[in-house]
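See structure below.
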Number of protein chains: 8
Amino acid sequence: VSFTDVHALLHAVQAGDLSIEEAVVCLGELRAAGADIATLDTDRQRRTGQPEAIYGEGKSADDIILILERLHAANQDGMVTRLDDDKAARIQAALSNCEWHPRARILRLPSRTPRTDRAVRGRIAIVAAGTSDLSVAEEAAVVAETYGNPVDRYWDVGVAGIHRLMAHMPAMREASVIIVVAGMEGALASVVSGMVSAPVVAVPTSVGYGASFGGIAALLGMLNSCAAGVTVVNIDNGFGAAVMADRINRRMEDR
Amino acid sequence: VSFTDVHALLHAVQAGDLSIEEAVVCLGELRAAGADIATLDTDRQRRTGQPEAIYGEGKSADDIILILERLHAANQDGMVTRLDDDKAARIQAALSNCEWHPRARILRLPSRTPRTDRAVRGRIAIVAAGTSDLSVAEEAAVVAETYGNPVDRYWDVGVAGIHRLMAHMPAMREASVIIVVAGMEGALASVVSGMVSAPVVAVPTSVGYGASFGGIAALLGMLNSCAAGVTVVNIDNGFGAAVMADRINRRMEDR
Amino acid sequence: VSFTDVHALLHAVQAGDLSIEEAVVCLGELRAAGADIATLDTDRQRRTGQPEAIYGEGKSADDIILILERLHAANQDGMVTRLDDDKAARIQAALSNCEWHPRARILRLPSRTPRTDRAVRGRIAIVAAGTSDLSVAEEAAVVAETYGNPVDRYWDVGVAGIHRLMAHMPAMREASVIIVVAGMEGALASVVSGMVSAPVVAVPTSVGYGASFGGIAALLGMLNSCAAGVTVVNIDNGFGAAVMADRINRRMEDR
Amino acid sequence: VSFTDVHALLHAVQAGDLSIEEAVVCLGELRAAGADIATLDTDRQRRTGQPEAIYGEGKSADDIILILERLHAANQDGMVTRLDDDKAARIQAALSNCEWHPRARILRLPSRTPRTDRAVRGRIAIVAAGTSDLSVAEEAAVVAETYGNPVDRYWDVGVAGIHRLMAHMPAMREASVIIVVAGMEGALASVVSGMVSAPVVAVPTSVGYGASFGGIAALLGMLNSCAAGVTVVNIDNGFGAAVMADRINRRMEDR
Amino acid sequence: VSFTDVHALLHAVQAGDLSIEEAVVCLGELRAAGADIATLDTDRQRRTGQPEAIYGEGKSADDIILILERLHAANQDGMVTRLDDDKAARIQAALSNCEWHPRARILRLPSRTPRTDRAVRGRIAIVAAGTSDLSVAEEAAVVAETYGNPVDRYWDVGVAGIHRLMAHMPAMREASVIIVVAGMEGALASVVSGMVSAPVVAVPTSVGYGASFGGIAALLGMLNSCAAGVTVVNIDNGFGAAVMADRINRRMEDR
Amino acid sequence: VSFTDVHALLHAVQAGDLSIEEAVVCLGELRAAGADIATLDTDRQRRTGQPEAIYGEGKSADDIILILERLHAANQDGMVTRLDDDKAARIQAALSNCEWHPRARILRLPSRTPRTDRAVRGRIAIVAAGTSDLSVAEEAAVVAETYGNPVDRYWDVGVAGIHRLMAHMPAMREASVIIVVAGMEGALASVVSGMVSAPVVAVPTSVGYGASFGGIAALLGMLNSCAAGVTVVNIDNGFGAAVMADRINRRMEDR
Amino acid sequence: VSFTDVHALLHAVQAGDLSIEEAVVCLGELRAAGADIATLDTDRQRRTGQPEAIYGEGKSADDIILILERLHAANQDGMVTRLDDDKAARIQAALSNCEWHPRARILRLPSRTPRTDRAVRGRIAIVAAGTSDLSVAEEAAVVAETYGNPVDRYWDVGVAGIHRLMAHMPAMREASVIIVVAGMEGALASVVSGMVSAPVVAVPTSVGYGASFGGIAALLGMLNSCAAGVTVVNIDNGFGAAVMADRINRRMEDR
Amino acid sequence: VSFTDVHALLHAVQAGDLSIEEAVVCLGELRAAGADIATLDTDRQRRTGQPEAIYGEGKSADDIILILERLHAANQDGMVTRLDDDKAARIQAALSNCEWHPRARILRLPSRTPRTDRAVRGRIAIVAAGTSDLSVAEEAAVVAETYGNPVDRYWDVGVAGIHRLMAHMPAMREASVIIVVAGMEGALASVVSGMVSAPVVAVPTSVGYGASFGGIAALLGMLNSCAAGVTVVNIDNGFGAAVMADRINRRMEDR
């Protein structure tokens, strides 16, 4: 018998197709070949402030379950992003205690140790241009909250009706960081950044059609913002924006 | 319990999973967090001449229903573009009085107040190069008609057989605006613009294969038209062309 | 002897290198071969409302002089765009009565018949985001004025300081057409279009650096404007925007 | 006489080609037409924390001098970025008290009021991958220092010899923000971000050849960083990175 | 009757729809027209060291079966890459003795002559940045092993946690070639190449989202590696990397 | 009732949902609005040598049936390209006498007048690099044969094993035109063109993976051929190559 | 002493820096190393119908002179394309008997054997859209004439004034091949091809600005022509179009 | 006084503008700020087999001189690539003992310790498609020779005349590595790789025009080679190819 990953091997044991003795031999071979599919980085939280997260797209449900089990065994928080409904259901069937955020497409498997949020944190304002951007905006919001930050959501306040944005401006100015989520031409980032002194993290989304090219138009728009003070993350990368905002917030605490 | 949007919350109430008292609390929390998915711009028609429209792609049927209900409650016209057959059917099942234009992929939910078209309007000519461009051309036509403009349709008159176009030229010259819809190389816009004195709005379509790159070839062709007087909207954006034509037509009325 | 263009032939005559008799023969050969470098379209003004213009980039000063002379002989207005200082100087040396607009890079050689502007025209508002966009904005302004339209200039009112734009909004709303000129992310077009009911013609400029890619960022931004009613011309194409605005203005007059 | 900008008009006055009386009339016409080339945003510092800066590329020396004079008249700091040696020399010849940073290509004209830096600021670490990146890195450094932040420079510590970077890691970890400047594949941002808990602002540079495509390779590399916590500014935009870092630093102070 | 390929013809014979006599005629016509779908290159192994492989994507299961049968008839090894589960199952149903590697998506039909691996071969180290890259990395590993090379697998050792990589460095340095498989920004190739003297073959993967553009970010990152000694194969082309590594290994043997 | 195309109207008549009288009224309205989906170009064959063909992708089966019926009513040949199996089956169910070429994805509905091929025609050689290119190559072959040209097929003779190509060279040299069909890097076109004096028409295919970008690599390769005499058609455009070859062949006959 | 090319060596001999004896040794070393800069393909004319041509861009005048001398020594025609004025002057100074076509940027050094054009040839029509395209169109014309084909030139007949084209149509229809040269959107190719039965070879030019992207807009426009029968060569490649036309013309003769 | 780099400081000392005492203080400040422009990696040769090289483009002559001096002081070989004639002359004026290879654009400053080439090395074959590719090919050749490898040059053997290549094939097959240098469509890499068993390193060059896009066509062609065993380096990166070849050659020696 020949195995290319640990998971298949364990299933074979479970199914009775492989004896314990054989499994031990196979495992040794696998290890010798370095075939463990994932190398956990359990030190990351200490180093960077955030634990490792699992990018769900392109991974099978089986592979994700395996990694979550190993994180849980190490008593670490597990968080999977970019999950579709099907895979989420299969993972929830396999692992109890999962928390599923369908709009944000995030699944969490908390560690056994309850998180103790620190007392005082700056608020993170998350501003989304349109209803179609909400999946990405919610990803940012759920991740930021998971890491212990208070979040204010401002949904559907794009520049086509700029008075909607103006109405929220006094509140937004109080935030320690502002995350702007917008598709199409992404102009919201420039407009916001020209009116505040907070750092602005812009997230282009793939919302749009034709010459939006899956988010390139918004990405370029944000990179070329005529209002300085805007930095940009990858298209649809709500997760990355939340990590940046969390780092800024933690840095303020440290002082 | 935890909700990320109003709609899910209301369904939970409807399903009896949430008491009215709990719902009130949750709603307060949601509002505090700014989680309403859409911020209606009921002032847009006064400001710009056209009411807000809903871009249907990438929104769930549930979200669209919610927005339509709120527009209807405010006695505003509701118009959804880029809808596929499945979502249209689900929305029609939920909301009576919808009007569905399958080729144009537009669904309308008219307000309770009947529209009173103004007496005299210039005609809008819509010229489509090929049969495959009709979905986009019909989107432009239905939107223009919805906003109260008389429309003349010239279908399948591309430059491969230029006599077809020439036959219609005298009639086209009478239009107040001409919308040209073409895929592939988009040459129709240049040829038309060189023969008329009306403003020309060009809509590149994603029709074509290989190196048409989803409409880029037509888009670039129209932007680089050797005949001045052509302006361009996004790929497949029949809606945007109709709004521009409507603005020009209204502006003439105002004078 | 063998000539590839009329101009070289005439210079040879002038220099005494070619007798009149020889020249007549050569001219016949050239004509037979269709080698005249330019085929004037003296009918264009009647057909489209605007006379033919000469795109100056990539043409030699000699070729431009030749074409201007022929237009002048036909008593037509001559207008050359995208001219640099050197070529402009050489043309002015050859042809008296030229008018040179250095910031707009436009040279005009008016016909001998004075233009009689029609009495009443809508005003064209031209809005430029930054000082670096002025060359393109001036091109639009000079062309629009040349065609007989009154122009209002709003310079350096980009969205980084949106109050500058707001201050001019009441005046802008009176325009019959608004031309928005912007580089970088081009957000100005969206913001303006969301606040007016006039048709908006957007001109992306090549102003910016890095990922503006010579104006692509602004072009995409404007094509993807979340505020409908924006149409777009080629990068830096102030001329094309002015032609469109002129067409809209004439159309209004015709009614 | 006809003028398209204030500057030309003033030179005409200076040269005696225009009387004071004529100038007054022309100025009125210019103002009516909105032809002032620049609309100062003297309120920006209050709103966003940073004063307006002048992007020098594509502006003539004359236009820059005019803007600097007006900023100086308003007793504001003037800072010009992306200046080449020639224009810098011409500006310095016209305006005394300028400060010229040749490697950073920044020219400053300080206001008459000395800056009073606040007492305690976090340090900004600026890390550059190679010697060819220094112009951009110095732009970031000079801007950050101009805004009152202490800066630590780590030059030429790219990943081709990763031990060079490791040696500086303990010091870098103390920074409140880290700016990473790199061309070619831009891998330095990922490596740094995986080892620190500070927010990381990445600046892709146009350094490289062939398929670096003027900085696109580094830009994409940084946007796709496998280590979260990286946000990105435009290619070669050291200025924008410094503004972001300054905003983070100020925000910390405010708390 | 009319056939466009041999396979359809043979099925018609099998189904009794075509007599043997008719089939002979049709086959002659087909051959005359050159309609055999594949021209085997049975000499390739002698010339280049590796036998011909079948690229499975875009070929029907029927076409693949036909080619495998003909290779088998010629007693050659058959190897199909980029196969999905469905087609693999259909091929296995038709041809016994197939070997299916699901993660690598490779199906092999060994020749009847057992391979005799040469005694001494350098080891090939295959380093993968993340779990999502394993399909491509396994493709490289299975191909390299099929060609008789010993392979060491280092999975999930990306630069976000660079200590994971450092731990394996002494072992990697012993390899005769190193294959680096990475998506996102592809920084792993630069980091590895800066620490070893072995030739490095980099495989960009299409893992990533947004501005990874299906692997372009990683491809550009690797092509622009600041550490020389990296060469690159096509996106997701684990097969091509293994062929290169095999060629290097054989060349060493030859000496 | 309201109809947007003739077809829907006719189905309503057929289903008894619309009386003949109502239908007549509706048809008049439709015609007035120019809503006929297709404007047949029955003169094309006389003008250009080839009849109009129907591009099947993006058209519904219903629309295609309608157009075929109208062509048939005008006793013209009907040919549909780029058809998938499902739509082909639905069309065949509606229209008898159709001819379906599955590998070429072409459906033909011959006119009632039999074609009389002219006596003497040059042979067209079609050369395909790999088995995956056969669908495109067969499209070229079927179209060329439909237009009355004798075709020689050379399949799977790519440059990876160049002796396969060399073996056929003497025969290929006799062709009046050579069509080269290749994906991946498309090198076959250069190699063939350097060895023959016939005109070469190159068809890039979308075969390949990763950085072939859906055929861009082959397209660019063929456009940049170092061997002159290669001209190129769109990606996967076997149809266009056949039309060009047919034109060359007819031109020879005319002489 | 050490030389990297033959030319440098010969100059050293000429300058007296290298004795004849030393030169003989160095030449032997160079030859052993394969360092001759060019390998003449004197057999090409027999194989493909056209002699080898020299692409002048990126080669030094010295290298071009060396190659021309060697072609002349072999009594072959020499033709250099893409030459600028400076290099042309330096070559003409070194080699007498050169023929320089400045607009076409072609320099010829005819062989000592006079060409004997065959009696009857089809005419090649060359159609150029605008005056700025003439350099490329003349390149095609001069090359076609050099190869013995009669050429008809139709200059400045772009689609902005389509009546100019229509006037020439009866004459164009008689051509054996039509070469269409156009920049901007390249629509001329589609319009011409829809009206003739001759094969059309389209040459996109880099004329245009902004989003013409150096000819990409025209290239894509021509590749996506809605009128079949158009094939395309590289941007600005008048030479390649002429070779294709010459091949078609010769093929007709052969019959 | 304030300095931003060591070099300026030293020049100030030299010019007498700075006393030794002041210089010591400034140097300390500079070092504290990490302002040394370059961090030498003197350990690289031990780690990777090749010493550090200096990429000359975008560095000033002054910066290059400074780095070379420091390498020389450390008794290391200095090699600068991508140098133009002007900078090379200025460096040679400053540093004696430099070796300048003009066609390869490489300048070397050898260390004081003579290199002792190891006895037996495989030969590296370098194959260039055209004369315009020679600058890149020579870069590869000079670097490979500098690192102690015997090199065979095969110049101007592109696939347009494939017999030229065939003639050299027996010799090429003996090489331990083959470097293929080609612009335009880059087909040479595929043709060579299909005929040899040696590893092939392909270098796309920026030679070509129009749609070669500065080497992208060749780059994509080589990445998509239908003949496996080709790996690719950056456009025009002869240096990188030579480093890869050197690594392979050294690895063979080690065994």
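The chains in the structure tokens are called A, B, ... from first to last as shown; in each chain the residues are counted from 1, and the ligands are counted from 1 in the order shown.
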
Can you list, as an NGL selection string, all residues belonging to segment 15-251 of chain B that DSSP tags as alpha helix (DSSP H)?
:B and (20-32 or 44-48 or 61-73 or 85-94 or 134-146 or 162-172 or 188-193 or 216-223 or 238-251)

Following superposition of chain A onto chain B on all C-alpha atoms, paired in order, what is the C-alpha RMSD to one decimal in Å?
0.1 Å

Determine which residues of segment 104-159 of chain E DSSP labels as strand (DSSP E or B) from the backbone of this structure, then write them out as a list in words.
Ile106, Leu107, Arg108, Leu109, Ile124, Ala125, Ile126, Val127, Ala128, Val151, Asp152, Arg153 and Tyr154 of chain E

Export of prior selection with N, CA, C and O atoms as a PDB file, in the first residue's frame:
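Done, and the output landed in selection.pdb:
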```pdb
ATOM      1  N   ILE E 106      -2.267  12.555 -11.342  1.00  0.00           N
ATOM      2  CA  ILE E 106      -1.502  11.836 -12.371  1.00  0.00           C
ATOM      3  C   ILE E 106      -1.993  10.401 -12.461  1.00  0.00           C
ATOM      4  O   ILE E 106      -2.188   9.736 -11.438  1.00  0.00           O
ATOM      5  N   LEU E 107      -2.166   9.905 -13.668  1.00  0.00           N
ATOM      6  CA  LEU E 107      -2.490   8.506 -13.902  1.00  0.00           C
ATOM      7  C   LEU E 107      -1.381   7.887 -14.743  1.00  0.00           C
ATOM      8  O   LEU E 107      -0.954   8.480 -15.730  1.00  0.00           O
ATOM      9  N   ARG E 108      -0.902   6.736 -14.296  1.00  0.00           N
ATOM     10  CA  ARG E 108       0.176   6.085 -15.029  1.00  0.00           C
ATOM     11  C   ARG E 108      -0.279   4.727 -15.535  1.00  0.00           C
ATOM     12  O   ARG E 108      -1.013   4.006 -14.870  1.00  0.00           O
ATOM     13  N   LEU E 109       0.176   4.359 -16.704  1.00  0.00           N
ATOM     14  CA  LEU E 109      -0.001   3.011 -17.237  1.00  0.00           C
ATOM     15  C   LEU E 109       1.393   2.527 -17.603  1.00  0.00           C
ATOM     16  O   LEU E 109       1.904   2.810 -18.694  1.00  0.00           O
ATOM     17  N   ILE E 124      16.372  14.957  -4.976  1.00  0.00           N
ATOM     18  CA  ILE E 124      15.671  16.175  -5.357  1.00  0.00           C
ATOM     19  C   ILE E 124      14.835  16.639  -4.172  1.00  0.00           C
ATOM     20  O   ILE E 124      13.995  15.891  -3.674  1.00  0.00           O
ATOM     21  N   ALA E 125      15.099  17.857  -3.696  1.00  0.00           N
ATOM     22  CA  ALA E 125      14.304  18.408  -2.596  1.00  0.00           C
ATOM     23  C   ALA E 125      13.135  19.197  -3.189  1.00  0.00           C
ATOM     24  O   ALA E 125      13.345  20.036  -4.073  1.00  0.00           O
ATOM     25  N   ILE E 126      11.922  18.916  -2.722  1.00  0.00           N
ATOM     26  CA  ILE E 126      10.758  19.677  -3.177  1.00  0.00           C
ATOM     27  C   ILE E 126      10.177  20.411  -1.983  1.00  0.00           C
ATOM     28  O   ILE E 126       9.827  19.795  -0.975  1.00  0.00           O
ATOM     29  N   VAL E 127      10.135  21.729  -2.085  1.00  0.00           N
ATOM     30  CA  VAL E 127       9.754  22.583  -0.964  1.00  0.00           C
ATOM     31  C   VAL E 127       8.452  23.292  -1.341  1.00  0.00           C
ATOM     32  O   VAL E 127       8.393  23.966  -2.359  1.00  0.00           O
ATOM     33  N   ALA E 128       7.408  23.125  -0.527  1.00  0.00           N
ATOM     34  CA  ALA E 128       6.126  23.769  -0.834  1.00  0.00           C
ATOM     35  C   ALA E 128       5.777  24.782   0.244  1.00  0.00           C
ATOM     36  O   ALA E 128       5.916  24.512   1.434  1.00  0.00           O
ATOM     37  N   VAL E 151      13.260  11.511  -3.839  1.00  0.00           N
ATOM     38  CA  VAL E 151      12.660  12.824  -3.585  1.00  0.00           C
ATOM     39  C   VAL E 151      12.506  13.062  -2.081  1.00  0.00           C
ATOM     40  O   VAL E 151      12.080  12.166  -1.355  1.00  0.00           O
ATOM     41  N   ASP E 152      12.855  14.252  -1.617  1.00  0.00           N
ATOM     42  CA  ASP E 152      12.564  14.670  -0.236  1.00  0.00           C
ATOM     43  C   ASP E 152      11.499  15.748  -0.259  1.00  0.00           C
ATOM     44  O   ASP E 152      11.662  16.752  -0.939  1.00  0.00           O
ATOM     45  N   ARG E 153      10.420  15.550   0.516  1.00  0.00           N
ATOM     46  CA  ARG E 153       9.327  16.513   0.526  1.00  0.00           C
ATOM     47  C   ARG E 153       9.403  17.413   1.766  1.00  0.00           C
ATOM     48  O   ARG E 153       9.500  16.897   2.886  1.00  0.00           O
ATOM     49  N   TYR E 154       9.334  18.741   1.543  1.00  0.00           N
ATOM     50  CA  TYR E 154       9.261  19.696   2.656  1.00  0.00           C
ATOM     51  C   TYR E 154       7.993  20.511   2.469  1.00  0.00           C
ATOM     52  O   TYR E 154       7.957  21.439   1.661  1.00  0.00           O
TER      53      TYR E 154
END
```

Name all residues at most 10 Å from Phe213 of chain A (count only C-alpha atoms; drop same-chain ones fewer than 2 positions away) and give them as a ChimeraX atom specification.
/A:184,206-211,215-218 /B:214,216 /C:220,224

Distance cut-off 6 Å, counting only C-alpha atoms - which residues of chain E neighbour chain H? Return them as a ChimeraX atom specification.
/E:47-49,195-199,223,228-229,231-234,240,243-244,247-248,252

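Counting from atom CA of Ala88 of chain G, the distance to atom CA of Trp100 of chain G is 7.4 Å.
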
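The spacing separating atom CA of Asp156 of chain F from atom CA of Leu95 of chain E amounts to 23.2 Å.
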
Using Å and a single decimal, report how far atom CA of Trp155 of chain B sits from atom CA of Met169 of chain B.
13.1 Å
